[in-house]
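A.B. asks: One file is attached below, my_file38.cif, containing mmCIF, C-alpha atoms.
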data_work
#
loop_
_atom_site.label_atom_id
_atom_site.label_comp_id
_atom_site.auth_asym_id
_atom_site.auth_seq_id
_atom_site.Cartn_x
_atom_site.Cartn_y
_atom_site.Cartn_z
CA MET A 1 23.58 39.94 34.97
CA ALA A 2 26.95 38.80 33.85
CA ARG A 3 26.96 35.82 31.53
CA ARG A 4 28.41 32.71 33.15
CA TYR A 5 30.06 29.96 31.13
CA LEU A 6 29.85 26.45 32.54
CA SER A 7 31.71 23.34 31.59
CA PRO A 8 29.52 20.35 30.59
CA GLU A 9 30.23 18.58 33.86
CA HIS A 10 28.98 21.60 35.86
CA TRP A 11 26.02 22.31 33.59
CA LEU A 12 23.32 20.34 35.40
CA GLN A 13 24.91 20.84 38.78
CA HIS A 14 24.87 24.66 38.73
CA CYS A 15 21.92 25.55 36.53
CA GLY A 16 19.53 23.68 38.73
CA GLY A 17 20.40 25.69 41.82
CA ALA A 18 18.03 27.08 44.43
CA GLY A 19 16.08 30.20 43.57
CA MET A 20 15.83 29.42 39.89
CA SER A 21 12.67 28.19 38.20
CA TRP A 22 14.66 25.58 36.36
CA TYR A 23 14.99 22.04 37.69
CA ILE A 24 16.49 18.81 36.48
CA GLU A 25 14.32 15.95 35.30
CA ASN A 26 15.57 12.86 33.46
CA ASN A 27 19.00 14.40 33.35
CA ARG A 28 17.72 17.45 31.48
CA LEU A 29 17.10 21.05 32.53
CA THR A 30 13.48 22.10 32.49
CA HIS A 31 10.99 24.36 34.25
CA ALA A 32 7.32 24.24 35.01
CA ASP A 33 6.20 26.50 32.18
CA LEU A 34 8.28 24.86 29.51
CA PRO A 35 6.06 22.97 27.05
CA GLU A 36 7.09 19.46 26.12
CA LEU A 37 8.50 18.94 22.68
CA LEU A 38 6.29 17.02 20.32
CA PRO A 39 7.90 14.24 18.28
CA ARG A 40 9.25 15.64 15.05
CA LEU A 41 7.12 13.27 13.00
CA SER A 42 4.69 10.54 13.90
CA PRO A 43 2.81 7.93 11.90
CA PRO A 44 1.36 8.07 9.36
CA TYR A 45 4.49 9.75 8.04
CA PRO A 46 4.43 12.25 5.18
CA PRO A 47 5.70 11.04 1.78
CA GLY A 48 9.40 10.50 1.32
CA VAL A 49 10.34 10.18 4.99
CA TRP A 50 12.37 7.09 5.74
CA TYR A 51 12.06 5.01 8.91
CA ILE A 52 13.21 1.58 10.03
CA GLU A 53 10.79 -1.32 10.22
CA ASN A 54 11.79 -4.94 10.76
CA ARG A 55 15.46 -3.98 10.54
CA ARG A 56 15.02 -2.49 7.09
CA LEU A 57 14.83 1.05 5.77
CA THR A 58 11.45 1.87 4.32
CA HIS A 59 9.01 4.71 3.71
CA ALA A 60 5.26 4.99 3.38
CA ASP A 61 5.12 5.05 -0.42
CA LEU A 62 7.54 2.21 -1.02
CA PRO A 63 5.74 -0.86 -2.42
CA GLU A 64 6.53 -4.31 -1.06
CA LEU A 65 8.55 -6.70 -3.19
CA LEU A 66 6.77 -9.75 -4.54
CA PRO A 67 8.54 -13.13 -4.44
CA ARG A 68 10.49 -13.70 -7.65
CA LEU A 69 8.84 -17.02 -8.41
CA SER A 70 6.17 -19.04 -6.66
CA PRO A 71 4.17 -22.17 -7.50
CA PRO A 72 2.86 -23.11 -9.96
CA TYR A 73 6.20 -22.52 -11.68
CA PRO A 74 6.57 -21.77 -15.38
CA PRO A 75 8.37 -24.40 -17.50
CA GLY A 76 12.11 -24.72 -17.37
CA ILE A 77 12.56 -23.61 -13.79
CA TRP A 78 14.52 -25.53 -11.19
CA TYR A 79 13.34 -25.44 -7.61
CA VAL A 80 13.99 -27.28 -4.39
CA GLN A 81 11.21 -29.30 -2.82
CA ASN A 82 11.55 -31.73 0.06
CA GLY A 83 15.31 -31.36 -0.18
CA LYS A 84 15.41 -32.42 -3.84
CA LEU A 85 16.18 -30.41 -6.96
CA ILE A 86 13.18 -30.58 -9.24
CA HIS A 87 12.68 -29.19 -12.70
CA SER A 88 9.17 -28.18 -13.67
CA ALA A 89 9.44 -29.69 -17.16
CA LEU A 90 11.13 -32.96 -16.22
CA PRO A 91 8.95 -36.07 -16.34
CA GLU A 92 8.57 -37.91 -13.06
CA VAL A 93 10.80 -40.90 -12.65
CA LEU A 94 8.74 -44.04 -12.80
CA LEU A 95 9.43 -46.02 -9.67
CA LYS A 96 9.16 -49.77 -9.46
CA GLY A 97 7.60 -51.42 -6.46
CA ALA A 98 4.65 -53.62 -5.66
CA PHE A 99 2.65 -50.94 -3.85
CA CYS A 100 4.60 -47.89 -5.02
CA ASN A 101 2.52 -44.69 -5.19
CA CYS A 102 -0.56 -46.36 -3.71
CA SER A 103 -1.36 -43.03 -2.15
CA GLU A 104 -4.30 -44.32 -0.10
CA LEU A 105 -2.35 -47.11 1.58
CA ARG A 106 -2.23 -46.20 5.28
CA THR A 107 -1.60 -49.48 7.15
CA VAL A 108 0.04 -52.75 6.35
CA ILE A 109 0.73 -55.96 8.27
CA ILE A 110 3.92 -57.73 7.27
CA PRO A 111 3.68 -61.48 7.96
CA SER A 112 6.44 -63.03 10.05
CA THR A 113 7.50 -65.20 7.10
CA VAL A 114 8.58 -62.21 4.95
CA THR A 115 12.38 -61.97 4.67
CA TYR A 116 12.88 -59.33 1.95
CA ILE A 117 11.16 -56.08 0.89
CA GLY A 118 12.62 -54.55 -2.27
CA PRO A 119 13.32 -50.90 -3.21
CA TYR A 120 10.23 -48.72 -3.67
CA ALA A 121 7.89 -51.54 -2.55
CA PHE A 122 5.85 -49.12 -0.41
CA TYR A 123 7.32 -45.82 -1.60
CA GLY A 124 4.75 -43.11 -2.26
CA THR A 125 2.23 -44.57 0.19
CA VAL A 126 1.11 -42.75 3.32
CA LEU A 127 2.41 -45.35 5.75
CA ARG A 128 3.57 -43.72 8.97
CA LYS A 129 4.95 -46.76 10.79
CA VAL A 130 5.58 -50.39 10.02
CA VAL A 131 6.75 -53.40 12.04
CA LEU A 132 9.00 -55.91 10.28
CA PRO A 133 10.10 -59.41 11.28
CA ASP A 134 13.62 -59.36 12.68
CA GLU A 135 15.04 -61.30 9.72
CA CYS A 136 13.45 -59.08 7.08
CA ARG A 137 15.80 -57.03 4.86
CA TYR A 138 14.67 -53.73 3.35
CA PHE A 139 16.03 -50.56 1.67
CA ASP A 140 15.98 -46.83 2.34
CA THR A 141 13.46 -46.47 -0.45
CA SER A 142 11.26 -49.41 0.54
CA PHE A 143 9.01 -47.12 2.57
CA PRO A 144 8.09 -43.42 2.41
CA PRO A 145 10.79 -41.07 3.82
CA HIS A 146 9.01 -40.31 7.10
CA CYS A 147 7.78 -43.84 7.83
CA ILE A 148 9.08 -45.26 11.14
CA VAL A 149 10.38 -48.77 10.60
CA THR A 150 10.69 -51.08 13.57
CA GLY A 151 12.63 -54.34 13.28
CA GLY A 152 14.21 -55.77 10.19
CA HIS A 153 17.65 -55.01 8.70
CA ARG A 154 18.24 -52.08 6.37
CA GLU A 155 20.47 -52.89 3.38
CA MET B 1 -16.12 -14.64 -21.39
CA ALA B 2 -15.93 -11.87 -23.97
CA TYR B 3 -14.91 -8.36 -22.97
CA THR B 4 -17.50 -5.73 -22.07
CA GLY B 5 -17.47 -1.92 -22.22
CA THR B 6 -16.82 0.56 -24.99
CA GLY B 7 -13.27 1.66 -24.15
CA THR B 8 -14.07 5.12 -22.87
CA GLN B 9 -12.83 6.48 -19.54
CA SER B 10 -16.28 6.11 -17.98
CA ASP B 11 -16.98 2.76 -19.62
CA PRO B 12 -13.63 1.02 -20.08
CA TYR B 13 -13.23 -2.32 -21.77
CA ILE B 14 -13.28 -4.99 -19.07
CA VAL B 15 -11.04 -7.82 -20.20
CA THR B 16 -10.75 -11.22 -18.54
CA THR B 17 -8.13 -13.04 -20.65
CA TYR B 18 -4.66 -12.20 -21.85
CA ALA B 19 -5.83 -12.45 -25.46
CA GLU B 20 -8.49 -9.82 -24.80
CA LEU B 21 -5.99 -7.61 -23.01
CA VAL B 22 -3.60 -7.82 -25.97
CA GLU B 23 -6.40 -6.99 -28.39
CA LYS B 24 -7.85 -4.04 -26.49
CA ALA B 25 -4.66 -2.46 -25.10
CA ALA B 26 -3.45 -2.00 -28.66
CA GLU B 27 -6.33 0.31 -29.51
CA SER B 28 -5.06 3.87 -29.46
CA GLY B 29 -6.38 6.07 -26.66
CA LYS B 30 -8.77 3.46 -25.30
CA TYR B 31 -9.29 2.62 -21.63
CA VAL B 32 -8.94 -0.96 -20.50
CA LYS B 33 -9.55 -2.49 -17.09
CA ILE B 34 -8.55 -6.00 -16.12
CA GLY B 35 -11.52 -7.87 -14.66
CA ASN B 36 -9.82 -10.83 -12.96
CA ASP B 37 -6.46 -12.45 -12.34
CA ILE B 38 -4.93 -13.87 -15.51
CA ASP B 39 -2.70 -16.95 -15.75
CA VAL B 40 -0.92 -16.43 -19.06
CA LEU B 41 0.72 -19.84 -19.27
CA ALA B 42 -2.62 -21.57 -18.69
CA GLU B 43 -3.97 -19.59 -21.63
CA TYR B 44 -0.93 -20.25 -23.82
CA PRO B 45 0.43 -23.62 -22.67
CA ASN B 46 2.97 -23.78 -25.51
CA GLY B 47 4.57 -20.54 -24.41
CA ASP B 48 3.78 -18.68 -27.64
CA VAL B 49 2.62 -15.65 -25.70
CA PRO B 50 1.88 -12.62 -27.88
CA MET B 51 3.49 -9.29 -27.13
CA LEU B 52 1.35 -6.87 -25.15
CA VAL B 53 1.32 -3.63 -27.17
CA VAL B 54 -0.01 -0.68 -25.20
CA ASN B 55 -1.39 2.31 -27.07
CA GLY B 56 -3.90 3.39 -24.46
CA TYR B 57 -4.57 3.20 -20.75
CA VAL B 58 -4.53 -0.07 -18.85
CA ASP B 59 -5.78 -0.21 -15.29
CA GLY B 60 -5.05 -3.57 -13.71
CA ASP B 61 -7.44 -2.84 -10.84
CA ASN B 62 -4.93 -4.59 -8.53
CA LYS B 63 -5.29 -7.86 -10.42
CA THR B 64 -2.40 -10.23 -11.08
CA ILE B 65 -1.03 -11.30 -14.43
CA SER B 66 1.00 -14.40 -13.67
CA ARG B 67 3.34 -16.69 -15.58
CA ILE B 68 4.21 -14.54 -18.55
CA TYR B 69 6.46 -17.12 -20.13
CA ASN B 70 8.27 -15.85 -23.14
CA THR B 71 11.66 -17.06 -24.21
CA GLN B 72 11.43 -16.13 -27.86
CA ILE B 73 10.47 -12.53 -28.57
CA ALA B 74 12.50 -9.52 -27.51
CA PHE B 75 9.83 -7.56 -25.67
CA THR B 76 6.94 -8.67 -23.56
CA ILE B 77 5.32 -5.28 -23.13
CA HIS B 78 5.68 -2.72 -25.88
CA PHE B 79 4.54 0.87 -25.53
CA ASN B 80 3.81 2.19 -28.98
CA SER B 81 1.79 5.32 -28.30
CA SER B 82 2.67 8.71 -29.71
CA SER B 83 1.10 10.43 -26.70
CA VAL B 84 0.63 9.37 -23.10
CA SER B 85 -0.10 5.78 -22.28
CA TYR B 86 0.01 3.92 -19.02
CA ILE B 87 -0.29 0.71 -17.08
CA LYS B 88 -1.44 1.09 -13.49
CA ASN B 89 -2.28 -1.09 -10.51
CA THR B 90 -1.10 -4.38 -11.95
CA LYS B 91 0.97 -7.21 -10.48
CA PHE B 92 3.11 -9.18 -12.91
CA THR B 93 4.28 -12.34 -11.11
CA ASN B 94 6.22 -15.45 -12.06
CA ILE B 95 7.66 -13.74 -15.12
CA VAL B 96 10.10 -15.83 -17.15
CA ILE B 97 11.40 -13.91 -20.15
CA ALA B 98 14.39 -14.16 -22.44
CA THR B 99 15.36 -10.54 -22.83
CA THR B 100 13.78 -7.12 -22.46
CA LEU B 101 10.66 -6.90 -20.36
CA MET B 102 9.34 -3.53 -21.50
CA ASN B 103 10.16 -1.42 -24.49
CA ILE B 104 9.16 2.12 -25.27
CA ASP B 105 8.95 2.70 -28.99
CA THR B 106 11.58 4.82 -30.71
CA SER B 107 9.51 6.14 -33.54
CA SER B 108 7.66 9.12 -32.11
CA ASN B 109 7.24 11.40 -29.12
CA GLY B 110 5.39 10.06 -26.16
CA HIS B 111 5.27 9.55 -22.45
CA ILE B 112 4.63 6.33 -20.66
CA ILE B 113 3.63 5.96 -17.07
CA LEU B 114 3.90 2.90 -14.94
CA GLU B 115 2.20 3.40 -11.62
CA ASN B 116 1.66 0.98 -8.74
CA CYS B 117 2.85 -1.96 -10.79
CA ASP B 118 4.85 -4.87 -9.39
CA PHE B 119 7.13 -7.10 -11.41
CA ALA B 120 8.71 -10.31 -10.11
CA GLY B 121 10.51 -13.10 -11.92
CA ILE B 122 13.61 -13.95 -13.89
CA MET B 123 15.29 -13.00 -17.15
CA THR B 124 17.11 -15.86 -18.83
CA GLY B 125 19.12 -13.95 -21.43
CA ASP B 126 20.79 -10.60 -21.96
CA GLY B 127 18.46 -7.62 -21.70
CA GLN B 128 16.95 -4.91 -19.60
CA ILE B 129 13.83 -4.45 -17.59
CA LEU B 130 13.04 -1.16 -19.29
CA GLU B 131 14.24 0.00 -22.68
CA SER B 132 13.47 3.61 -23.34
CA GLY B 133 13.59 4.88 -26.89
CA SER B 134 14.61 8.34 -28.02
CA ASN B 135 12.07 11.14 -27.59
CA TYR B 136 10.19 9.08 -25.07
CA PHE B 137 9.85 9.87 -21.44
CA GLY B 138 9.34 7.11 -18.95
CA SER B 139 7.87 7.75 -15.55
CA LEU B 140 7.69 4.99 -13.00
CA LYS B 141 6.00 5.63 -9.67
CA GLY B 142 5.24 3.31 -6.79
CA CYS B 143 6.51 0.26 -8.66
CA SER B 144 8.45 -2.72 -7.37
CA PHE B 145 10.89 -4.93 -9.26
CA ASN B 146 12.17 -8.18 -7.80
CA MET B 147 14.07 -9.76 -10.67
CA SER B 148 17.12 -11.91 -11.25
CA GLY B 149 19.00 -12.62 -14.45
CA ASN B 150 22.43 -13.59 -15.64
CA SER B 151 22.99 -10.43 -17.66
CA MET B 152 20.16 -8.10 -16.83
CA ARG B 153 20.20 -4.32 -16.57
CA LEU B 154 17.59 -2.14 -14.98
CA ALA B 155 17.27 0.21 -17.93
CA HIS B 156 18.64 1.05 -21.33
CA ILE B 157 18.07 4.75 -21.59
CA THR B 158 18.09 6.97 -24.62
CA SER B 159 15.88 9.65 -23.11
CA SER B 160 14.72 10.80 -19.71
CA CYS B 161 13.49 8.29 -17.22
CA THR B 162 12.41 8.82 -13.63
CA PHE B 163 11.86 6.34 -10.85
CA THR B 164 9.88 7.63 -7.88
CA ASP B 165 8.90 5.61 -4.80
CA CYS B 166 10.20 2.43 -6.43
CA ASN B 167 11.43 -0.65 -4.57
CA ILE B 168 14.02 -2.39 -6.73
CA LYS B 169 15.82 -5.63 -5.94
CA LEU B 170 18.02 -7.12 -8.66
CA THR B 171 20.44 -10.04 -8.67
CA THR B 172 22.52 -10.07 -11.81
CA GLN B 173 25.99 -10.19 -13.29
CA SER B 174 25.65 -7.29 -15.64
CA ARG B 175 28.47 -4.81 -16.19
CA TYR B 176 26.16 -1.83 -15.70
CA LEU B 177 23.03 -1.07 -13.77
CA CYS B 178 21.89 1.18 -16.63
CA ASN B 179 22.99 1.63 -20.21
CA SER B 180 22.83 5.01 -21.85
CA ILE B 181 23.61 6.18 -25.35
CA SER B 182 24.80 9.48 -23.93
CA ARG B 183 26.02 10.77 -20.60
CA TYR B 184 23.38 13.47 -20.91
CA TYR B 185 20.59 10.95 -20.58
CA THR B 186 20.48 9.79 -17.03
CA PRO B 187 17.90 8.04 -14.93
CA THR B 188 16.72 9.82 -11.81
CA PHE B 189 15.78 7.98 -8.65
CA SER B 190 13.76 9.73 -5.94
CA ASN B 191 12.60 8.08 -2.70
CA CYS B 192 13.71 4.70 -4.05
CA TYR B 193 15.26 1.65 -2.44
CA LEU B 194 17.81 -0.04 -4.71
CA GLU B 195 19.12 -3.40 -3.54
CA ILE B 196 21.50 -4.63 -6.20
CA ASN B 197 23.68 -7.72 -6.01
CA ASP B 198 26.01 -7.68 -8.97
CA SER B 199 29.41 -9.38 -8.79
CA ASN B 200 30.32 -8.14 -12.27
CA LEU B 201 29.35 -4.49 -11.86
CA GLU B 202 31.60 -1.92 -13.52
CA GLY B 203 29.39 1.14 -13.38
CA ILE B 204 26.03 2.54 -12.49
CA LEU B 205 25.82 4.04 -15.96
CA SER B 206 27.72 2.81 -19.00
CA TYR B 207 29.27 6.26 -19.51
CA ALA B 208 32.32 6.71 -17.33
CA ASP B 209 31.60 10.39 -16.75
CA GLY B 210 27.87 9.98 -16.41
CA SER B 211 25.89 8.83 -13.48
CA ALA B 212 22.39 8.25 -12.34
CA LEU B 213 20.97 10.95 -10.12
CA PHE B 214 19.86 9.91 -6.69
CA ASN B 215 17.55 11.91 -4.48
CA ASN B 216 16.46 10.78 -1.00
CA THR B 217 17.27 7.24 -2.06
CA VAL B 218 18.75 4.17 -0.35
CA LEU B 219 21.43 2.34 -2.33
CA ASP B 220 22.47 -1.08 -1.10
CA ILE B 221 24.76 -2.36 -3.84
CA THR B 222 26.80 -5.49 -3.19
CA THR B 223 29.92 -5.85 -5.30
CA GLN B 224 33.65 -6.09 -4.74
CA ASN B 225 34.42 -4.33 -8.03
CA ALA B 226 35.82 -0.85 -8.25
CA VAL B 227 33.06 1.19 -9.78
CA GLY B 228 33.07 4.87 -10.67
CA ASN B 229 31.68 7.51 -8.38
CA ILE B 230 28.08 7.46 -7.33
CA ASN B 231 26.92 10.98 -7.82
CA GLY B 232 24.25 12.54 -5.69
CA ASN B 233 24.15 16.18 -6.63
CA ASN B 234 20.51 16.49 -5.81
CA THR B 235 18.54 18.40 -3.24
CA MET B 236 18.12 15.64 -0.71
CA VAL B 237 20.71 13.31 0.77
CA SER B 238 20.84 9.69 -0.41
CA ILE B 239 22.70 6.96 1.44
CA PHE B 240 24.92 4.22 0.09
CA ASN B 241 26.08 1.08 1.95
CA SER B 242 29.84 1.43 1.82
CA THR B 243 30.49 -1.94 3.50
CA HIS B 244 28.75 -3.95 0.81
CA ALA B 245 30.64 -2.15 -1.97
CA PRO B 246 33.92 -0.97 -0.44
CA ASN B 247 35.44 0.04 -3.78
CA ILE B 248 32.77 2.51 -4.79
CA ALA B 249 33.25 6.17 -3.96
CA THR B 250 30.42 8.60 -3.42
CA THR B 251 30.25 12.29 -4.14
CA GLY B 252 27.93 15.20 -3.52
CA ASN B 253 24.75 14.46 -1.66
CA THR B 254 25.12 10.70 -1.72
CA LYS B 255 26.72 9.66 1.55
CA GLY B 256 28.55 6.42 2.16
CA VAL B 257 27.37 4.68 5.33
CA SER B 258 29.01 1.62 6.88
CA ASP B 259 26.97 -1.43 7.83
CA GLU B 260 27.52 -0.56 11.47
CA LYS B 261 25.74 2.77 11.06
CA TRP B 262 23.22 1.63 8.44
CA LEU B 263 20.24 1.53 10.80
CA ASP B 264 21.53 4.14 13.25
CA VAL B 265 18.84 6.80 13.00
CA THR B 266 20.77 9.41 14.95
CA TYR B 267 23.79 9.01 12.72
CA LEU B 268 21.73 9.06 9.53
CA GLN B 269 20.03 12.25 10.68
CA SER B 270 23.41 13.76 11.43
CA ILE B 271 24.51 13.37 7.82
CA GLY B 272 21.31 14.97 6.57
CA PHE B 273 19.33 11.88 5.60
CA ASN B 274 15.58 12.35 5.84
CA ILE B 275 14.79 9.70 8.44
CA VAL B 276 12.79 9.57 11.66
CA GLU B 277 12.76 7.19 14.58
CA ALA B 278 9.78 4.95 13.93
CA GLN B 279 7.09 5.07 16.57
CA GLU B 280 4.80 2.30 17.68
#
Would you mind writing the file out in structure tokens?
C.D. replies:
Amino acid sequence: MARRYLSPEHWLQHCGGAGMSWYIENNRLTHADLPELLPRLSPPYPPGVWYIENRRLTHADLPELLPRLSPPYPPGIWYVQNGKLIHSALPEVLLKGAFCNCSELRTVIIPSTVTYIGPYAFYGTVLRKVVLPDECRYFDTSFPPHCIVTGGHRE
Amino acid sequence: MAYTGTGTQSDPYIVTTYAELVEKAAESGKYVKIGNDIDVLAEYPNGDVPMLVVNGYVDGDNKTISRIYNTQIAFTIHFNSSSVSYIKNTKFTNIVIATTLMNIDTSSNGHIILENCDFAGIMTGDGQILESGSNYFGSLKGCSFNMSGNSMRLAHITSSCTFTDCNIKLTTQSRYLCNSISRYYTPTFSNCYLEINDSNLEGILSYADGSALFNNTVLDITTQNAVGNINGNNTMVSIFNSTHAPNIATTGNTKGVSDEKWLDVTYLQSIGFNIVEAQE
């Protein structure tokens, strides 16, 4: 039979014609006796074969990277904690305040006669919320960072 | 707890402190196994950590040696054996060192092997992760390095050195990835991932006409500098991210790949890179 050359646009149209054992499935020529192709490689992959996992090139023998530094840090290292730069060898700043760093202090009742609460008065406690008299003045650092303060006037 | 064992292959020393490891690893031809995780700084709170000299065979048994803190002496780990010596299966974390992490002695013939070891931390001064002396052969397999340092190189090479299956991530401002005393001594990387961020990079190897040899390796180097050719005249294709380092040219079997095509499996296959579409 004479060899026929087909352009790409006529390829599927003509090769799948009647009387031939070939047919078109998923836009590809095939026939009933044609075995399916196996995937070239499947997991677990042989050594040295790269693939993409979590948007990164990797292969089976490649070890994971460890984090460069993690707590507890060696001396002389700066790190960021709670939005603040901290140095592992720096001494803690001593804070002044009547109840500062009373780490068990969970609740407090401020009498209506109180008009002023100084810096760091309740800093370092575990107070979550506090209600102040309307006339009471206080500072950003008077209470722990996440304490909800109702009433009063912030300086 | 004092060490146990006799140091033979079937009855290795089992060490549980850094002091014991230093003592027993120095014995020539002896086998040492690490019995538990070791916090070096807790053992040496003043930072006067002794150098670990390895003359035998150290199996970390997947334990972790953390917080090697050494800002004084030049080497932290020193291979001194005249034959084969190794460290295997050990994680070195939270490393803070001044200069060179590992040194292979220059005095006699030998061969060191690092296998399945992980190193993570920082280098505060000028130095290299691995310094390889003349007549010595370094073989690193299945190791990871996640290190940063102001002026840190991966290796100073005066003899052969091979990296196989190594995952290397470095952030530095060193002029060279590797130093070499001769263009004939080159490091070879096979099946490795090199992620290097170096704004000061001038060359992969300090010799202008020398280059590291890359085989089936991924190179993701970020620098704006114009660096000499990256040579890949090896059997298997390596790829190089040409977007992250637009001024570096590639030759031979190392192929430049843009960011756009970096994870395009079909394209990577088309240039001969040994990659498959991952299956679930």
A.B. asks: One decimal, Å: what's the distance from atom CA of A:Pro71 over to atom CA of B:Ile196, could you say?
C.D. replies: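 Spanning atom CA of A:Pro71 to atom CA of B:Ile196 is a straight-line distance of 24.7 Å.
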A.B. asks: The PyMOL selection byres ((chain B) within 10 of (chain A)) on the file shown: which residues, as a PyMOL selection string?
C.D. replies: chain B and resi 40-42+45-47+66-70+91-96+116-122+141-148+164-169+190-193+216-218+262-265+273-280
A.B. asks: Please determine, counting only C-alpha atoms, which residue among B:Gly29, B:Gly149, B:Gly125, B:Pro50 has the shortest atom-to-atom distance to B:Tyr86.
C.D. replies: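 The closest residue to B:Tyr86 is B:Gly29.
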A.B. asks: Give as a ChimeraX atom specification every residue, naming chains and numbers as the document does, that has an atom within 6 Å of (21.9, -7.1, -18.4), counting only C-alpha atoms.
C.D. replies: /B:126-128,151-153,174
A.B. asks: How many Å separate atom CA of B:Gly56 from atom CA of B:Lys30?
C.D. replies: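 Separating atom CA of B:Gly56 from atom CA of B:Lys30 is a distance of 4.9 Å.
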A.B. asks: Out of B:Gly252, B:Pro246, B:Gly35, B:Pro187, which residue has the shortest atom-to-atom distance to B:Ala155 when counting all atoms listed in the file?
C.D. replies: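 Using all atoms listed in the file, the shortest distance to B:Ala155 belongs to B:Pro187.
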A.B. asks: Using atom CA of A:Glu155 and atom CA of A:Gln81 as the two end points, give the distance in Å to one decimal.
C.D. replies: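 Straight-line distance from atom CA of A:Glu155 to atom CA of A:Gln81 works out to 26.1 Å.
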A.B. asks: Go through the shown structure with the PyMOL selection byres ((chain A and resi 97) around 8) and write out the matching residues as a PyMOL selection string.
C.D. replies: chain A and resi 95-96+98-100+118-123
A.B. asks: Could you tell me which of A:Gly124, A:His153, A:Pro46, A:Asp140 comes closest to A:Asn101 if we count only C-alpha atoms?
C.D. replies: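 Residue with the minimum atom-to-atom distance to A:Asn101: A:Gly124.
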A.B. asks: Name the closest residue to B:Thr243 among the candidates B:Gly5, B:Val227, B:Asp37, B:Thr222; distances are taken between atoms, counting only C-alpha atoms.
C.D. replies: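 Answer, going by the shortest atom-to-atom distance: B:Thr222.
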A.B. asks: Starting from the PyMOL selection byres ((chain B and resi 25) around 10), expand the selection into actual residues of this file and give them as JSON, numbers by chain.
C.D. replies: {"B": [7, 13, 15, 20, 21, 22, 23, 24, 26, 27, 28, 29, 30, 31, 32, 33, 52, 53, 54, 55, 56, 57, 58, 79, 85, 86, 87]}
